[in-house]
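Okay, target.tsv is below, TSV, C-alpha atoms and all ligand atoms:
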```tsv
chain	number	residue	atom	x	y	z
A	1	MET	CA	0.00	0.00	0.00
A	2	LYS	CA	1.25	3.44	-0.91
A	3	ILE	CA	0.69	6.20	1.62
A	4	GLY	CA	1.04	9.95	1.11
A	5	MET	CA	2.01	11.96	4.19
A	6	ILE	CA	0.88	15.60	4.36
A	7	GLY	CA	2.85	17.49	7.01
A	8	THR	CA	6.47	17.04	8.03
A	9	GLY	CA	6.24	17.75	11.75
A	10	TRP	CA	6.26	15.77	14.97
A	11	PHE	CA	3.14	13.70	14.42
A	12	ALA	CA	3.70	13.06	10.73
A	13	ASP	CA	6.98	11.54	11.84
A	14	MET	CA	5.28	9.45	14.54
A	15	HIS	CA	2.75	8.02	12.06
A	16	CYS	CA	5.47	7.35	9.44
A	17	ASP	CA	7.48	5.39	12.01
A	18	LEU	CA	4.47	3.17	12.76
A	19	LEU	CA	3.40	2.79	9.12
A	20	GLU	CA	6.86	1.69	8.07
A	21	GLN	CA	6.72	-1.16	10.57
A	22	MET	CA	3.61	-2.56	8.92
A	23	GLU	CA	3.80	-5.38	6.42
A	24	GLY	CA	3.26	-4.19	2.85
A	25	VAL	CA	2.89	-0.51	3.74
A	26	GLN	CA	5.14	2.16	2.24
A	27	VAL	CA	5.25	5.92	2.83
A	28	ALA	CA	5.56	6.68	-0.89
A	29	ALA	CA	5.31	10.47	-0.88
A	30	VAL	CA	5.61	13.36	1.53
A	31	CYS	CA	4.22	16.89	1.20
A	32	GLY	CA	5.45	19.83	3.30
A	33	THR	CA	5.20	23.59	3.24
A	34	SER	CA	8.44	23.80	1.25
A	35	GLN	CA	10.35	21.47	-1.07
A	36	ALA	CA	13.35	21.64	1.26
A	37	LYS	CA	11.33	20.52	4.31
A	38	ALA	CA	9.64	17.75	2.34
A	39	GLU	CA	12.97	16.54	0.94
A	40	HIS	CA	14.56	16.54	4.37
A	41	PHE	CA	11.65	14.54	5.81
A	42	ALA	CA	11.50	12.19	2.79
A	43	SER	CA	15.24	11.51	2.99
A	44	GLN	CA	14.55	9.56	6.20
A	45	ARG	CA	11.91	7.45	4.41
A	46	ARG	CA	13.05	4.87	1.87
A	47	ASN	CA	11.99	5.79	-1.70
A	48	ALA	CA	9.59	8.54	-0.63
A	49	ALA	CA	9.03	11.29	-3.18
A	50	SER	CA	8.85	14.87	-1.90
A	51	TYR	CA	6.42	17.66	-2.78
A	52	ALA	CA	5.64	21.20	-1.68
A	53	ASP	CA	2.17	21.14	-3.21
A	54	VAL	CA	-0.64	18.73	-2.25
A	55	GLU	CA	-2.39	18.85	-5.67
A	56	GLU	CA	0.88	18.00	-7.39
A	57	MET	CA	1.54	15.06	-5.06
A	58	LEU	CA	-1.95	13.68	-5.63
A	59	GLU	CA	-1.62	14.13	-9.42
A	60	GLN	CA	1.81	12.52	-9.70
A	61	GLU	CA	1.47	9.63	-7.25
A	62	LYS	CA	-0.94	6.71	-7.19
A	63	LEU	CA	-1.76	6.70	-3.48
A	64	ASP	CA	-3.97	4.21	-1.65
A	65	ALA	CA	-4.41	6.52	1.35
A	66	VAL	CA	-3.29	9.88	2.69
A	67	TYR	CA	-2.39	11.04	6.20
A	68	ILE	CA	-3.18	14.67	7.03
A	69	CYS	CA	-0.97	15.78	9.96
A	70	VAL	CA	-1.11	19.57	9.83
A	71	PRO	CA	-2.06	22.21	12.43
A	72	PRO	CA	-5.71	23.33	12.79
A	73	PHE	CA	-5.28	26.48	10.64
A	74	ALA	CA	-3.98	24.48	7.66
A	75	HIS	CA	-7.13	22.44	7.00
A	76	GLY	CA	-9.47	22.97	4.05
A	77	ALA	CA	-7.84	22.82	0.62
A	78	ILE	CA	-6.00	19.62	1.59
A	79	GLU	CA	-9.18	17.69	2.46
A	80	ARG	CA	-11.03	19.05	-0.58
A	81	ALA	CA	-8.25	17.86	-2.88
A	82	VAL	CA	-8.08	14.42	-1.24
A	83	VAL	CA	-11.85	13.86	-1.23
A	84	ALA	CA	-12.18	15.08	-4.83
A	85	ARG	CA	-9.80	12.25	-5.84
A	86	GLN	CA	-11.61	9.71	-3.67
A	87	ILE	CA	-8.56	8.86	-1.57
A	88	PRO	CA	-9.24	7.46	1.93
A	89	PHE	CA	-7.65	9.62	4.62
A	90	PHE	CA	-6.48	9.56	8.22
A	91	ILE	CA	-6.56	13.03	9.77
A	92	GLU	CA	-5.08	14.24	13.04
A	93	LYS	CA	-7.33	16.00	15.50
A	94	PRO	CA	-8.59	18.70	15.69
A	95	ILE	CA	-10.10	18.58	12.21
A	96	ALA	CA	-10.34	22.39	11.79
A	97	LEU	CA	-10.47	25.74	13.59
A	98	ASP	CA	-14.23	26.07	13.23
A	99	GLU	CA	-17.29	23.91	12.54
A	100	GLU	CA	-18.22	25.34	9.13
A	101	LEU	CA	-15.27	23.83	7.25
A	102	PRO	CA	-15.83	20.26	8.57
A	103	ALA	CA	-19.52	20.57	7.63
A	104	GLN	CA	-18.54	21.42	4.03
A	105	ILE	CA	-16.04	18.56	3.87
A	106	GLN	CA	-18.62	16.18	5.33
A	107	HIS	CA	-21.12	17.25	2.65
A	108	GLN	CA	-18.53	16.32	0.01
A	109	LEU	CA	-17.80	13.06	1.87
A	110	GLN	CA	-21.43	12.00	2.24
A	111	GLN	CA	-21.76	11.50	-1.48
A	112	SER	CA	-18.63	9.34	-1.62
A	113	GLY	CA	-18.70	6.90	1.32
A	114	LEU	CA	-14.93	7.35	1.59
A	115	ILE	CA	-13.06	5.69	4.49
A	116	THR	CA	-11.92	8.26	7.05
A	117	SER	CA	-10.28	8.02	10.45
A	118	VAL	CA	-9.45	10.71	13.01
A	119	GLY	CA	-6.57	10.64	15.52
A	120	TYR	CA	-8.63	10.59	18.71
A	121	HIS	CA	-6.27	7.95	20.08
A	122	PHE	CA	-7.73	7.83	23.61
A	123	ARG	CA	-10.53	5.72	22.11
A	124	TYR	CA	-7.94	3.03	21.30
A	125	THR	CA	-6.44	2.86	24.80
A	126	ASP	CA	-6.95	-0.23	26.93
A	127	GLY	CA	-8.16	2.18	29.63
A	128	ALA	CA	-11.03	3.46	27.47
A	129	GLU	CA	-11.99	-0.11	26.56
A	130	LYS	CA	-12.01	-1.13	30.23
A	131	LEU	CA	-13.89	2.03	31.17
A	132	LEU	CA	-16.74	1.15	28.77
A	133	GLU	CA	-16.93	-2.25	30.45
A	134	LEU	CA	-16.84	-0.82	34.00
A	135	LEU	CA	-19.56	1.72	33.20
A	136	LYS	CA	-22.12	-0.99	32.43
A	137	GLY	CA	-24.90	-1.01	35.04
A	138	ARG	CA	-23.68	2.15	36.79
A	139	THR	CA	-25.51	5.43	37.19
A	140	VAL	CA	-23.22	8.25	36.13
A	141	GLY	CA	-23.73	11.45	38.09
A	142	MET	CA	-20.89	13.67	37.01
A	143	ALA	CA	-17.56	13.76	35.21
A	144	LEU	CA	-14.55	16.00	35.80
A	145	GLY	CA	-12.02	16.27	32.99
A	146	THR	CA	-8.63	17.99	32.96
A	147	TRP	CA	-5.75	18.91	30.67
A	148	LEU	CA	-3.35	20.75	32.92
A	149	GLY	CA	0.11	21.42	31.61
A	150	ASP	CA	2.62	23.70	29.94
A	151	MET	CA	2.38	25.46	26.57
A	152	PRO	CA	3.62	23.64	23.45
A	153	ARG	CA	6.34	25.88	22.02
A	154	VAL	CA	5.58	25.45	18.28
A	155	ALA	CA	4.84	28.90	16.80
A	156	TRP	CA	1.31	28.21	15.55
A	157	TRP	CA	0.03	26.86	18.89
A	158	ARG	CA	0.16	30.16	20.82
A	159	LYS	CA	-1.94	32.04	18.28
A	160	GLN	CA	-5.73	31.81	18.47
A	161	GLU	CA	-5.95	31.82	14.67
A	162	GLY	CA	-3.27	29.11	14.50
A	163	SER	CA	-4.45	26.48	16.97
A	164	GLY	CA	-7.93	27.60	18.04
A	165	GLY	CA	-6.74	27.60	21.65
A	166	GLN	CA	-6.06	24.84	24.16
A	167	PHE	CA	-9.63	23.56	24.56
A	168	LEU	CA	-10.03	23.02	20.81
A	169	GLU	CA	-6.48	21.83	20.12
A	170	GLN	CA	-5.52	19.69	23.11
A	171	THR	CA	-8.41	19.26	25.52
A	172	THR	CA	-10.46	18.02	22.57
A	173	HIS	CA	-9.05	14.56	23.47
A	174	ILE	CA	-10.90	14.70	26.81
A	175	VAL	CA	-14.07	16.07	25.21
A	176	ASP	CA	-13.97	13.20	22.74
A	177	LEU	CA	-13.36	10.66	25.50
A	178	LEU	CA	-16.33	12.08	27.39
A	179	ARG	CA	-18.55	11.65	24.31
A	180	TYR	CA	-17.18	8.18	23.57
A	181	THR	CA	-17.83	6.87	27.08
A	182	LEU	CA	-20.76	8.93	28.42
A	183	GLY	CA	-22.67	10.03	25.32
A	184	GLU	CA	-23.61	13.28	23.66
A	185	VAL	CA	-23.39	16.80	25.09
A	186	THR	CA	-26.40	19.10	24.85
A	187	GLU	CA	-25.20	22.39	26.36
A	188	VAL	CA	-21.93	24.12	27.29
A	189	TYR	CA	-20.95	27.15	29.33
A	190	ALA	CA	-17.34	28.32	29.29
A	191	ALA	CA	-15.17	30.85	31.13
A	192	THR	CA	-11.59	31.41	30.00
A	193	ALA	CA	-8.79	33.90	30.60
A	194	LEU	CA	-5.24	34.77	29.61
A	195	ARG	CA	-3.42	35.17	32.91
A	196	HIS	CA	0.28	34.62	32.42
A	197	MET	CA	1.74	33.17	29.23
A	198	ASN	CA	1.62	36.48	27.31
A	199	THR	CA	3.85	38.04	29.98
A	200	ILE	CA	6.67	35.51	29.47
A	201	GLU	CA	6.37	34.57	25.76
A	202	GLU	CA	6.05	36.65	22.55
A	203	GLY	CA	2.79	36.68	20.62
A	204	VAL	CA	0.58	34.55	22.87
A	205	THR	CA	-3.10	35.19	22.12
A	206	VAL	CA	-4.64	31.89	23.30
A	207	ASP	CA	-6.20	31.87	26.75
A	208	ASP	CA	-4.07	29.98	29.26
A	209	VAL	CA	-6.83	28.93	31.68
A	210	GLY	CA	-10.40	27.81	31.06
A	211	THR	CA	-13.24	25.83	32.52
A	212	VAL	CA	-16.23	24.45	30.64
A	213	THR	CA	-19.43	23.12	32.20
A	214	LEU	CA	-21.31	20.61	30.11
A	215	LYS	CA	-24.78	19.05	30.26
A	216	LEU	CA	-25.13	15.58	28.79
A	217	ALA	CA	-28.12	14.05	27.03
A	218	SER	CA	-28.13	11.31	29.71
A	219	GLY	CA	-28.87	13.91	32.41
A	220	ALA	CA	-25.35	13.76	33.85
A	221	VAL	CA	-23.24	16.91	34.17
A	222	ALA	CA	-19.54	17.49	33.58
A	223	ASN	CA	-16.76	20.00	33.85
A	224	ILE	CA	-13.62	20.01	31.74
A	225	SER	CA	-10.88	22.46	32.78
A	226	ASN	CA	-7.57	23.21	31.17
A	227	THR	CA	-4.46	25.31	31.60
A	228	CYS	CA	-1.25	25.71	29.64
A	229	MET	CA	0.40	28.14	32.10
A	230	LEU	CA	2.22	25.59	34.24
A	231	PRO	CA	6.02	25.22	34.10
A	232	LYS	CA	5.56	21.51	33.51
A	233	SER	CA	2.84	19.05	32.64
A	234	ASP	CA	0.64	18.20	35.63
A	235	ARG	CA	-2.21	15.85	34.67
A	236	SER	CA	-4.86	15.10	32.10
A	237	GLY	CA	-7.74	12.67	32.13
A	238	LEU	CA	-11.34	12.10	33.08
A	239	GLN	CA	-12.86	11.20	36.45
A	240	ILE	CA	-16.35	9.76	36.40
A	241	TYR	CA	-18.45	9.82	39.58
A	242	THR	CA	-20.99	7.00	39.76
A	243	ASP	CA	-23.27	5.25	42.27
A	244	LEU	CA	-20.64	2.48	42.59
A	245	GLY	CA	-17.63	4.78	43.07
A	246	VAL	CA	-15.15	6.73	40.97
A	247	LEU	CA	-13.65	5.68	37.64
A	248	GLU	CA	-10.57	7.61	36.58
A	249	VAL	CA	-9.04	7.26	33.14
A	250	ASN	CA	-5.77	8.87	32.08
A	251	HIS	CA	-2.69	8.19	29.91
A	252	ASN	CA	-1.69	5.26	32.14
A	253	GLY	CA	-4.97	3.35	32.26
A	254	VAL	CA	-8.11	3.33	34.38
A	255	THR	CA	-8.59	3.14	38.15
A	256	ALA	CA	-11.83	2.01	39.76
A	257	SER	CA	-12.28	3.20	43.37
A	258	THR	CA	-14.93	2.26	45.84
A	259	VAL	CA	-15.16	1.81	49.64
A	260	GLY	CA	-11.89	0.23	50.79
A	261	GLN	CA	-10.75	-0.74	47.28
A	262	ASN	CA	-8.70	0.79	44.44
A	263	VAL	CA	-8.04	-1.28	41.33
A	264	THR	CA	-5.87	0.04	38.48
A	265	TYR	CA	-5.89	-1.49	35.01
A	266	HIS	CA	-2.71	-0.32	33.28
A	267	ASN	CA	-2.60	0.29	29.53
A	268	GLN	CA	-0.70	-2.56	27.90
A	269	SER	CA	-0.99	-1.80	24.17
A	270	ASN	CA	-0.01	1.24	22.12
A	271	PRO	CA	-3.18	3.09	21.02
A	272	TYR	CA	-1.37	4.74	18.10
A	273	ILE	CA	-0.47	1.34	16.67
A	274	LYS	CA	-4.09	0.23	17.06
A	275	GLU	CA	-5.54	3.32	15.33
A	276	ASN	CA	-3.09	3.00	12.44
A	277	GLU	CA	-3.76	-0.72	12.05
A	278	ALA	CA	-7.52	-0.11	12.11
A	279	PHE	CA	-7.26	2.45	9.31
A	280	ILE	CA	-4.85	0.45	7.14
A	281	HIS	CA	-6.99	-2.68	7.59
A	282	ALA	CA	-10.07	-0.70	6.52
A	283	VAL	CA	-8.39	0.66	3.38
A	284	ARG	CA	-7.00	-2.76	2.49
A	285	THR	CA	-10.22	-4.73	3.01
A	286	GLY	CA	-13.12	-2.25	3.13
A	287	ASP	CA	-13.89	-3.48	6.67
A	288	THR	CA	-14.22	-0.33	8.81
A	289	GLN	CA	-15.39	-2.01	12.05
A	290	PHE	CA	-12.12	-1.30	13.93
A	291	ILE	CA	-12.11	2.45	13.22
A	292	ARG	CA	-13.35	4.14	16.40
A	293	SER	CA	-13.39	7.76	15.22
A	294	THR	CA	-14.61	8.77	11.78
A	295	TYR	CA	-14.65	12.26	10.26
A	296	ALA	CA	-18.45	12.43	10.73
A	297	ASP	CA	-18.13	11.54	14.41
A	298	ALA	CA	-15.23	13.95	15.01
A	299	ILE	CA	-17.47	16.77	13.80
A	300	LEU	CA	-19.59	16.26	16.94
A	301	THR	CA	-16.51	16.63	19.17
A	302	GLN	CA	-15.45	19.70	17.18
A	303	ARG	CA	-18.89	21.30	17.69
A	304	ILE	CA	-18.45	21.16	21.47
A	305	ALA	CA	-15.13	23.03	21.31
A	306	THR	CA	-16.46	25.71	18.99
A	307	ALA	CA	-19.57	26.11	21.16
A	308	ALA	CA	-17.31	26.54	24.21
A	309	LEU	CA	-15.39	29.25	22.35
A	310	ARG	CA	-18.63	31.06	21.54
A	311	SER	CA	-19.81	30.73	25.14
A	312	ALA	CA	-16.54	32.15	26.49
A	313	GLN	CA	-16.89	35.12	24.13
A	314	SER	CA	-20.56	35.84	24.86
A	315	GLY	CA	-20.63	34.87	28.54
A	316	LEU	CA	-23.76	32.83	27.84
A	317	PRO	CA	-24.48	29.07	27.72
A	318	VAL	CA	-24.69	27.58	24.23
A	319	VAL	CA	-27.28	24.88	23.48
A	320	LEU	CA	-26.09	22.33	20.91
A	401	LIG	N1	-3.25	12.55	18.57
A	401	LIG	C1	-2.25	13.03	19.24
A	401	LIG	O1	-1.90	12.55	20.31
A	401	LIG	C2	-1.47	14.19	18.67
A	401	LIG	C3	-0.21	14.52	19.18
A	401	LIG	C4	0.50	15.57	18.58
A	401	LIG	C5	-0.06	16.29	17.54
A	401	LIG	N2	-1.30	15.97	17.11
A	401	LIG	C6	-1.95	16.79	16.05
A	401	LIG	O2	-1.24	16.69	14.83
A	401	LIG	C7	-1.32	17.93	14.12
A	401	LIG	C8	0.10	18.36	13.76
A	401	LIG	O3	0.83	18.54	14.95
A	401	LIG	P1	2.43	18.44	15.02
A	401	LIG	O4	2.75	18.31	16.44
A	401	LIG	O5	2.90	17.44	14.04
A	401	LIG	O6	2.81	19.92	14.54
A	401	LIG	P2	4.19	20.41	13.93
A	401	LIG	O7	4.22	21.88	14.07
A	401	LIG	O8	5.33	19.60	14.47
A	401	LIG	O9	4.06	20.03	12.40
A	401	LIG	C9	3.04	20.56	11.58
A	401	LIG	C10	3.44	20.32	10.15
A	401	LIG	O10	2.39	20.73	9.27
A	401	LIG	C11	3.01	21.28	8.13
A	401	LIG	N3	2.04	22.04	7.36
A	401	LIG	C12	1.38	23.16	7.73
A	401	LIG	N4	0.56	23.55	6.72
A	401	LIG	C13	0.74	22.66	5.70
A	401	LIG	C14	0.18	22.53	4.40
A	401	LIG	N5	-0.72	23.41	3.96
A	401	LIG	N6	0.60	21.51	3.62
A	401	LIG	C15	1.52	20.63	4.07
A	401	LIG	N7	2.08	20.71	5.31
A	401	LIG	C16	1.68	21.71	6.10
A	401	LIG	C17	4.16	22.07	8.69
A	401	LIG	O11	5.14	22.37	7.75
A	401	LIG	C18	4.69	21.10	9.74
A	401	LIG	O12	5.58	20.19	9.16
A	401	LIG	C19	-2.02	18.92	15.07
A	401	LIG	O13	-3.36	19.07	14.70
A	401	LIG	C20	-1.92	18.26	16.43
A	401	LIG	O14	-3.01	18.55	17.28
A	401	LIG	C21	-2.00	14.94	17.62
```
Can you give me the file's structure in the form of structure tokens?
Amino acid sequence: MKIGMIGTGWFADMHCDLLEQMEGVQVAAVCGTSQAKAEHFASQRRNAASYADVEEMLEQEKLDAVYICVPPFAHGAIERAVVARQIPFFIEKPIALDEELPAQIQHQLQQSGLITSVGYHFRYTDGAEKLLELLKGRTVGMALGTWLGDMPRVAWWRKQEGSGGQFLEQTTHIVDLLRYTLGEVTEVYAATALRHMNTIEEGVTVDDVGTVTLKLASGAVANISNTCMLPKSDRSGLQIYTDLGVLEVNHNGVTASTVGQNVTYHNQSNPYIKENEAFIHAVRTGDTQFIRSTYADAILTQRIATAALRSAQSGLPVVL
């Protein structure tokens, strides 16, 4: 299988490393923002051709699938070009800065039935799998989610028009995990502020603290809070408060706590391997059952982040 990689950054590299370990899979072409960057990236990949233009790569190469690993601001023309040529694609989260662009892409996709997969990797963790099992038969009252850490230093991340801010860019993983395990969100209310990062770094326009209250269709309530003003990463994850005790899922696994008992189920497998294998299997065979996040589903996660942004701006709750 011939894969085209769009983006030459950190996560394009991570996906290439995993793809190259798969039987019969080759990263055949790479597209970056300049020929020099693409060539440098491609030089580490055996026989990969390099391009500075997505249309040109898609015209010249016969690709079985494309990976889109670019920052939030760079979405749009890439997806349109890929969908127009009916090439299945894996796309890193978040899928855009807003919700209008994904709606347009989805309209284009609906007519094609193209295979898509989105990099919401928490869904592929052993912890999320175990959590779904542990939730059976419980009454969920409330969930508290967090993404508390430092600010990624890549230039685009600090700009609101580059990343969309922490809740949309990073905390989206927790929002998606909330949806995946507890169901849909019906209303959000957000308060955010820029307290510190603009005083120590140039050009920071994203808020560095925020808290979002969410109502769920099930009747449960949730809060997801984030900060990127810490000197080092603190914690991220989701705590779920139920009639049978607390379930806490994070990067390490899931812990179930009740009176006198704490049981931790540690993650054993690599979720990134699982999400890549699920996508490649789907493209190879047409069997999409192992893909846990499609483009259509990711739109629903994206809507929550954009609603939170609107709520923070207006000071009012937003009904979804
Ligand atoms: N799922 C995860 O755990 C996870 C982890 C890290 C990053 N990501 C996501 O992956 C995406 C990329 O992040 P990153 O860390 O690789 O960023 P990065 O800054 O390291 O790399 C971004 C790359 O995109 C390229 N790019 C920008 N516009 C382009 C265009 N129009 N055409 C081709 N290339 C273009 C840049 O040249 C750069 O190589 C982000 O959306 C991020 O949220 C996901």
Can you build me a table of region 143-220 of chain A residues sitting at most 12 Å from region 231-236 of chain A, with the closest atom pair per residue and its distance in Å to one decimal, using only C-alpha atoms, sorted by chain and residue number, as JSON lines?
```
{"residue": "A:Leu144", "atom": "CA", "partner": "A:Ser236", "partner_atom": "CA", "distance": 10.4}
{"residue": "A:Gly145", "atom": "CA", "partner": "A:Ser236", "partner_atom": "CA", "distance": 7.3}
{"residue": "A:Thr146", "atom": "CA", "partner": "A:Ser236", "partner_atom": "CA", "distance": 4.8}
{"residue": "A:Trp147", "atom": "CA", "partner": "A:Ser236", "partner_atom": "CA", "distance": 4.2}
{"residue": "A:Leu148", "atom": "CA", "partner": "A:Arg235", "partner_atom": "CA", "distance": 5.3}
{"residue": "A:Gly149", "atom": "CA", "partner": "A:Ser233", "partner_atom": "CA", "distance": 3.8}
{"residue": "A:Asp150", "atom": "CA", "partner": "A:Lys232", "partner_atom": "CA", "distance": 5.1}
{"residue": "A:Met151", "atom": "CA", "partner": "A:Pro231", "partner_atom": "CA", "distance": 8.4}
{"residue": "A:Pro152", "atom": "CA", "partner": "A:Ser233", "partner_atom": "CA", "distance": 10.3}
{"residue": "A:Gln170", "atom": "CA", "partner": "A:Ser236", "partner_atom": "CA", "distance": 10.1}
{"residue": "A:Thr171", "atom": "CA", "partner": "A:Ser236", "partner_atom": "CA", "distance": 8.6}
{"residue": "A:Thr172", "atom": "CA", "partner": "A:Ser236", "partner_atom": "CA", "distance": 11.4}
{"residue": "A:His173", "atom": "CA", "partner": "A:Ser236", "partner_atom": "CA", "distance": 9.6}
{"residue": "A:Ile174", "atom": "CA", "partner": "A:Ser236", "partner_atom": "CA", "distance": 8.0}
{"residue": "A:Val175", "atom": "CA", "partner": "A:Ser236", "partner_atom": "CA", "distance": 11.5}
{"residue": "A:Leu177", "atom": "CA", "partner": "A:Ser236", "partner_atom": "CA", "distance": 11.6}
{"residue": "A:His196", "atom": "CA", "partner": "A:Pro231", "partner_atom": "CA", "distance": 11.1}
{"residue": "A:Met197", "atom": "CA", "partner": "A:Pro231", "partner_atom": "CA", "distance": 10.3}
{"residue": "A:Ile200", "atom": "CA", "partner": "A:Pro231", "partner_atom": "CA", "distance": 11.3}
```
Go ahead and write the selection's residues with C-alpha atoms as a PDB file, keeping the file's coordinate frame.
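Wrote it out as selection07.pdb, contents follow:
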```
ATOM      1  CA  LEU A 144     -14.550  16.000  35.800  1.00  0.00           C
ATOM      2  CA  GLY A 145     -12.020  16.270  32.990  1.00  0.00           C
ATOM      3  CA  THR A 146      -8.630  17.990  32.960  1.00  0.00           C
ATOM      4  CA  TRP A 147      -5.750  18.910  30.670  1.00  0.00           C
ATOM      5  CA  LEU A 148      -3.350  20.750  32.920  1.00  0.00           C
ATOM      6  CA  GLY A 149       0.110  21.420  31.610  1.00  0.00           C
ATOM      7  CA  ASP A 150       2.620  23.700  29.940  1.00  0.00           C
ATOM      8  CA  MET A 151       2.380  25.460  26.570  1.00  0.00           C
ATOM      9  CA  PRO A 152       3.620  23.640  23.450  1.00  0.00           C
ATOM     10  CA  GLN A 170      -5.520  19.690  23.110  1.00  0.00           C
ATOM     11  CA  THR A 171      -8.410  19.260  25.520  1.00  0.00           C
ATOM     12  CA  THR A 172     -10.460  18.020  22.570  1.00  0.00           C
ATOM     13  CA  HIS A 173      -9.050  14.560  23.470  1.00  0.00           C
ATOM     14  CA  ILE A 174     -10.900  14.700  26.810  1.00  0.00           C
ATOM     15  CA  VAL A 175     -14.070  16.070  25.210  1.00  0.00           C
ATOM     16  CA  LEU A 177     -13.360  10.660  25.500  1.00  0.00           C
ATOM     17  CA  HIS A 196       0.280  34.620  32.420  1.00  0.00           C
ATOM     18  CA  MET A 197       1.740  33.170  29.230  1.00  0.00           C
ATOM     19  CA  ILE A 200       6.670  35.510  29.470  1.00  0.00           C
TER      20      ILE A 200
END
```
Ligand LIG 401 (chain A) neighbours within 8 Å using all atoms listed in the file, as a JSON list (two decimals) with C-alpha atoms, keeping the file's coordinate frame:
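Writing the result to result_33.json gives the following:
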```
[["chain", "number", "residue", "atom", "x", "y", "z"],
["A", 6, "ILE", "CA", 0.88, 15.60, 4.36],
["A", 7, "GLY", "CA", 2.85, 17.49, 7.01],
["A", 8, "THR", "CA", 6.47, 17.04, 8.03],
["A", 9, "GLY", "CA", 6.24, 17.75, 11.75],
["A", 10, "TRP", "CA", 6.26, 15.77, 14.97],
["A", 11, "PHE", "CA", 3.14, 13.70, 14.42],
["A", 12, "ALA", "CA", 3.70, 13.06, 10.73],
["A", 13, "ASP", "CA", 6.98, 11.54, 11.84],
["A", 31, "CYS", "CA", 4.22, 16.89, 1.20],
["A", 32, "GLY", "CA", 5.45, 19.83, 3.30],
["A", 33, "THR", "CA", 5.20, 23.59, 3.24],
["A", 34, "SER", "CA", 8.44, 23.80, 1.25],
["A", 37, "LYS", "CA", 11.33, 20.52, 4.31],
["A", 52, "ALA", "CA", 5.64, 21.20, -1.68],
["A", 53, "ASP", "CA", 2.17, 21.14, -3.21],
["A", 54, "VAL", "CA", -0.64, 18.73, -2.25],
["A", 69, "CYS", "CA", -0.97, 15.78, 9.96],
["A", 70, "VAL", "CA", -1.11, 19.57, 9.83],
["A", 71, "PRO", "CA", -2.06, 22.21, 12.43],
["A", 72, "PRO", "CA", -5.71, 23.33, 12.79],
["A", 73, "PHE", "CA", -5.28, 26.48, 10.64],
["A", 74, "ALA", "CA", -3.98, 24.48, 7.66],
["A", 75, "HIS", "CA", -7.13, 22.44, 7.00],
["A", 77, "ALA", "CA", -7.84, 22.82, 0.62],
["A", 78, "ILE", "CA", -6.00, 19.62, 1.59],
["A", 92, "GLU", "CA", -5.08, 14.24, 13.04],
["A", 93, "LYS", "CA", -7.33, 16.00, 15.50],
["A", 94, "PRO", "CA", -8.59, 18.70, 15.69],
["A", 95, "ILE", "CA", -10.10, 18.58, 12.21],
["A", 119, "GLY", "CA", -6.57, 10.64, 15.52],
["A", 120, "TYR", "CA", -8.63, 10.59, 18.71],
["A", 121, "HIS", "CA", -6.27, 7.95, 20.08],
["A", 154, "VAL", "CA", 5.58, 25.45, 18.28],
["A", 155, "ALA", "CA", 4.84, 28.90, 16.80],
["A", 156, "TRP", "CA", 1.31, 28.21, 15.55],
["A", 163, "SER", "CA", -4.45, 26.48, 16.97],
["A", 169, "GLU", "CA", -6.48, 21.83, 20.12],
["A", 170, "GLN", "CA", -5.52, 19.69, 23.11],
["A", 173, "HIS", "CA", -9.05, 14.56, 23.47]]
```
What is the distance between CA of Lys274 (chain A) and CA of Leu238 (chain A), in Å to one decimal?
-> 21.2 Å
Between CA of Ala305 (chain A) and CA of Leu168 (chain A), what is the distance, to one decimal in Å?
->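 These two atoms are separated by 5.1 Å.
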Contact residues around Phe122 (chain A) with all atoms listed in the file at 10 Å, ignoring same-chain residues under 5 positions, as a VMD selection string | chain A and resid 127 to 129 173 to 174 176 to 177 180 237 249 to 251 271 to 272 275 292
Final N, CA and C atoms of region 81-88 of chain A as a PDB file, keeping the file's coordinate frame:
```
ATOM      1  N   ALA A  81      -9.019  18.497  -1.807  1.00  0.00           N
ATOM      2  CA  ALA A  81      -8.250  17.860  -2.880  1.00  0.00           C
ATOM      3  C   ALA A  81      -8.261  16.335  -2.733  1.00  0.00           C
ATOM      4  N   VAL A  82      -8.137  15.868  -1.504  1.00  0.00           N
ATOM      5  CA  VAL A  82      -8.080  14.420  -1.240  1.00  0.00           C
ATOM      6  C   VAL A  82      -9.449  13.779  -1.512  1.00  0.00           C
ATOM      7  N   VAL A  83     -10.506  14.423  -1.041  1.00  0.00           N
ATOM      8  CA  VAL A  83     -11.850  13.860  -1.230  1.00  0.00           C
ATOM      9  C   VAL A  83     -12.234  13.897  -2.712  1.00  0.00           C
ATOM     10  N   ALA A  84     -11.859  14.968  -3.405  1.00  0.00           N
ATOM     11  CA  ALA A  84     -12.180  15.080  -4.830  1.00  0.00           C
ATOM     12  C   ALA A  84     -11.586  13.905  -5.612  1.00  0.00           C
ATOM     13  N   ARG A  85     -10.442  13.391  -5.152  1.00  0.00           N
ATOM     14  CA  ARG A  85      -9.800  12.250  -5.840  1.00  0.00           C
ATOM     15  C   ARG A  85     -10.182  10.910  -5.231  1.00  0.00           C
ATOM     16  N   GLN A  86     -11.103  10.958  -4.268  1.00  0.00           N
ATOM     17  CA  GLN A  86     -11.610   9.710  -3.670  1.00  0.00           C
ATOM     18  C   GLN A  86     -10.521   8.872  -3.002  1.00  0.00           C
ATOM     19  N   ILE A  87      -9.632   9.569  -2.276  1.00  0.00           N
ATOM     20  CA  ILE A  87      -8.560   8.860  -1.570  1.00  0.00           C
ATOM     21  C   ILE A  87      -8.926   8.783  -0.085  1.00  0.00           C
ATOM     22  N   PRO A  88      -8.972   7.577   0.498  1.00  0.00           N
ATOM     23  CA  PRO A  88      -9.240   7.460   1.930  1.00  0.00           C
ATOM     24  C   PRO A  88      -8.205   8.245   2.734  1.00  0.00           C
TER      25      PRO A  88
END
```
